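Undergrad: First, the structure itself, so that you have it in front of you.
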Amino acid sequence: MDVRNKRNPAIFIFCWEFLNEKVVGSRRWKIFSNELYNKGYKIHIICKEYKSQNSINYKFHKIKIPFYLKFNEPINNLFDKILWKIQKTYYNLIIDGANYHTSDVIKKKIQKMLIKLPIQKNDILIISTGPHKWSYYIINFFKGQYKHSTNIIVDIRDRWSDNKFFFNGFSEEQICQEKKYQDYVLLNASKIICVHKSDKILYSKQYNTKNIHYLLNPALPKFIASKKNEFETTPDSNVSLFFGGTLYNDGISLELLTTFLDSIKLKGIQFTFKICGNWDKKIISLLEKKFDVDYLGIINETELQHNLKMCDFVISYISFIVPDYINTKIIDCVSIGKPILVISSVKSYVFDFIKKNKLGKYYLVKKNFKFNGFPNKIDSNQKLFSPKLLTNKLIDIISS
């Protein structure tokens, strides 16, 4: 049913990048925006960067940031390498030990854009950013600028202030300030949406509120298998393994991955190992010395879909820092119907999730780890990450 002509509230989605298929963080709201538009909602996108497509019927509002790192993929020509180094040096001076653009320039550019937005009473603003500082700017602006009610929903993709990984290089004073931004955002937003169930539980207890919701990332629609599949799989030679995405750098990830692959090798199982994502060349070189590795670099969705279909198993690493996070690699595997091999140094919610839904196998990798075989059977459960079902849940959250 098309509700665009029935005074339905417009939805304004504030995100950093949009329609950039090589950036995983841009996928969530690209999918939800498409589904919401198909259900008849007016969609406005406020972002730093987007790739225009003729088939997209949204209204875009671009935030003109005077400086940001342009290159997110391997750089081949000399001119771009020099330009990237200049940008990187300038960027490090601006952020002064932080790991995101903390300059007040961001605040001014965001507020300048917000003033121009055609937001009406009861319209919905969804903020999907990493740093709570940016969400603070937006919420604080609306509370001071508008007297009418604006439904402000903050979508927290990853734990920010409670995750030391994001604050590598921050001073204690900076961390304390980031926590204050988080407190303001979680106490002043109309609703909070968490991607991960553990974050919903954490924040609900921490802020003593029932206003926090849980909404998984949806699968890419073109990754959804045409029908429900069941796989009987017991390969013992010439196995094709695939790792999609960047390896989480927590100090032990490379060691665990190497231990896992070594253990398979010791069983006499021959395998090829394809990798895509933004990996350090030194890590790739180390792996190439021990295994048959094919490094693809950063690839687009079509290439990713092809490689997922062609492999036997997909490896996903779950860090002890965020052990309860269901990452996009798992979502892609489930959607396309491939068995997932989850490796980690700790047991977690993901362990139970994989086991309960028969999506593959979870390997607890320790010093004396011994590989105990590939999963014998997996189910392709498309409903877990269905874009349509998850969008219906999003609408319920917005409307409640």
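Chain identifiers are assigned as A, B, and so on, following the order in which chains appear in the structure tokens; residues are numbered from 1 within each chain, and ligands are numbered from 1 in order of appearance.
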Would you mind writing down, as an mmCIF file with C-alpha atoms, in the first residue's frame, each residue of stretch 234-282 of chain A that DSSP on the backbone assigns to strand (DSSP E or B)?
TA:
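Output (result.cif):
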data_model
loop_
_atom_site.group_PDB
_atom_site.id
_atom_site.type_symbol
_atom_site.label_atom_id
_atom_site.label_comp_id
_atom_site.auth_asym_id
_atom_site.auth_seq_id
_atom_site.Cartn_x
_atom_site.Cartn_y
_atom_site.Cartn_z
ATOM 1 C CA VAL A 239 38.303 -27.491 -0.020
ATOM 2 C CA SER A 240 37.626 -23.871 -0.984
ATOM 3 C CA LEU A 241 37.653 -21.517 2.023
ATOM 4 C CA PHE A 242 36.681 -17.843 1.874
ATOM 5 C CA PHE A 243 37.084 -14.914 4.285
ATOM 6 C CA GLY A 244 35.034 -11.828 3.413
ATOM 7 C CA PHE A 271 42.489 -26.208 0.651
ATOM 8 C CA THR A 272 42.617 -22.850 -1.074
ATOM 9 C CA PHE A 273 41.975 -19.709 0.939
ATOM 10 C CA LYS A 274 40.464 -16.641 -0.735
ATOM 11 C CA ILE A 275 40.389 -13.329 1.135
ATOM 12 C CA CYS A 276 38.654 -10.057 0.374
#
Undergrad: What does the distance between atom CA of A:Asn188 and atom CA of A:Ile212 come to in Å, to one decimal place?
TA: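 Rounded to one decimal, the two atoms are 12.0 Å apart.
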Undergrad: How would you write, as a PyMOL selection string, the set of residues in stretch 103-294 of chain A that DSSP gives as helix (DSSP H, G or I)?
TA: chain A and resi 104-116+132-145+164-167+172-188+197-207+221-223+253-266+281-290
Undergrad: Using C-alpha atoms, can you export the residues from the last selection as a compact mmCIF listing (two decimals), in the first residue's frame?
TA:
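Resulting contents of result06.txt:
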# COMPACT_ATOMS: atom_id res chain seq x y z
CA ASP A 104 34.02 21.67 15.24
CA VAL A 105 33.84 22.03 11.46
CA ILE A 106 31.68 18.90 11.50
CA LYS A 107 29.28 20.48 13.99
CA LYS A 108 28.89 23.64 11.89
CA LYS A 109 28.38 21.71 8.65
CA ILE A 110 25.83 19.38 10.23
CA GLN A 111 23.84 22.25 11.76
CA LYS A 112 23.97 24.24 8.52
CA MET A 113 22.43 21.26 6.72
CA LEU A 114 19.82 20.62 9.42
CA ILE A 115 18.47 24.18 9.15
CA LYS A 116 17.66 23.54 5.48
CA HIS A 132 27.78 9.75 19.83
CA LYS A 133 29.22 13.26 19.45
CA TRP A 134 27.56 13.65 16.06
CA SER A 135 24.24 12.34 17.40
CA TYR A 136 24.57 14.81 20.27
CA TYR A 137 24.95 17.69 17.78
CA ILE A 138 21.77 16.68 15.96
CA ILE A 139 19.57 16.01 19.01
CA ASN A 140 20.74 19.17 20.75
CA PHE A 141 20.04 21.20 17.61
CA PHE A 142 16.48 19.90 17.24
CA LYS A 143 15.63 20.44 20.88
CA GLY A 144 16.69 24.08 20.59
CA GLN A 145 15.51 24.82 17.05
CA LYS A 164 38.24 0.26 23.90
CA PHE A 165 38.87 -0.72 20.28
CA PHE A 166 37.34 2.57 19.10
CA PHE A 167 39.32 4.66 21.58
CA GLU A 172 41.19 9.55 29.74
CA GLU A 173 39.66 13.03 29.43
CA GLN A 174 38.54 12.34 25.84
CA ILE A 175 37.01 8.99 26.83
CA CYS A 176 35.15 10.65 29.70
CA GLN A 177 33.77 13.27 27.30
CA GLU A 178 32.64 10.59 24.84
CA LYS A 179 30.78 8.87 27.68
CA LYS A 180 28.96 12.14 28.43
CA TYR A 181 27.88 12.36 24.79
CA GLN A 182 26.56 8.80 25.04
CA ASP A 183 24.63 9.59 28.23
CA TYR A 184 22.99 12.60 26.58
CA VAL A 185 22.06 10.67 23.43
CA LEU A 186 20.59 7.64 25.17
CA LEU A 187 18.59 9.79 27.62
CA ASN A 188 17.28 12.33 25.09
CA LYS A 197 21.12 -8.05 21.33
CA SER A 198 23.88 -7.78 23.95
CA ASP A 199 23.94 -3.98 23.48
CA LYS A 200 20.19 -3.75 24.05
CA ILE A 201 20.56 -5.66 27.32
CA LEU A 202 23.56 -3.57 28.38
CA TYR A 203 21.98 -0.16 27.71
CA SER A 204 18.55 -1.13 29.08
CA LYS A 205 20.16 -1.97 32.42
CA GLN A 206 22.63 0.91 32.36
CA TYR A 207 19.98 3.57 31.70
CA PRO A 221 18.16 -8.84 -1.15
CA LYS A 222 20.17 -10.23 -4.07
CA PHE A 223 21.97 -12.56 -1.66
CA SER A 253 43.13 -12.59 15.50
CA LEU A 254 45.97 -13.44 13.11
CA GLU A 255 47.38 -16.03 15.54
CA LEU A 256 43.97 -17.72 15.89
CA LEU A 257 43.35 -17.74 12.14
CA THR A 258 46.80 -19.22 11.48
CA THR A 259 46.31 -21.85 14.21
CA PHE A 260 42.94 -22.81 12.72
CA LEU A 261 44.31 -23.15 9.17
CA ASP A 262 47.40 -25.04 10.40
CA SER A 263 45.15 -27.52 12.18
CA ILE A 264 43.17 -28.20 8.98
CA LYS A 265 46.46 -28.66 7.12
CA LEU A 266 47.72 -31.16 9.72
CA LYS A 281 49.97 -6.48 3.06
CA LYS A 282 52.32 -7.83 5.75
CA ILE A 283 49.58 -10.13 7.05
CA ILE A 284 48.81 -11.36 3.55
CA SER A 285 52.53 -12.06 2.98
CA LEU A 286 52.74 -14.08 6.20
CA LEU A 287 49.70 -16.17 5.24
CA GLU A 288 50.98 -16.71 1.67
CA LYS A 289 54.17 -18.29 3.03
CA LYS A 290 52.15 -21.03 4.76
Undergrad: Measure the distance from atom CA of A:Leu36 to atom CA of A:Ile395 in Å and round it to one decimal.
TA: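 The value is 8.4 Å.
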Undergrad: Could you check the closest approach to A:Val342 for each of A:Ser386, A:Ile321, A:Asn376, A:Ile315 and tell me which residue wins, using only C-alpha atoms?
TA: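 Residue with the minimum atom-to-atom distance to A:Val342: A:Ile315.
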Undergrad: For atom CA of A:Thr391 and atom CA of A:Asp352, determine how far apart the two atoms are, in Å to one decimal place.
TA: 24.8 Å
Undergrad: Got a sec: who's within 9 Å of A:Lys309, counting only C-alpha atoms, leaving out chain neighbours fewer than 6 positions off, as a list in words?
TA: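 Answer for this query is Ile336, Gly337 and Lys338 of chain A.
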Undergrad: Let me make sure I understand: among A:Leu216, A:Leu296, A:Ile340, A:Ile46, which one has the smallest atom-to-atom distance to A:Leu359 if we use only C-alpha atoms?
TA: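 Of the candidates, the smallest distance to A:Leu359 is held by A:Ile340.
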Undergrad: May I ask which of the residues A:Ile330, A:Ile124, A:Asn38, A:Lys30 is the closest one to A:Pro9, counting only C-alpha atoms?
TA: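 Of A:Ile330, A:Ile124, A:Asn38, A:Lys30, the one nearest A:Pro9, counting only C-alpha atoms, is A:Ile124.
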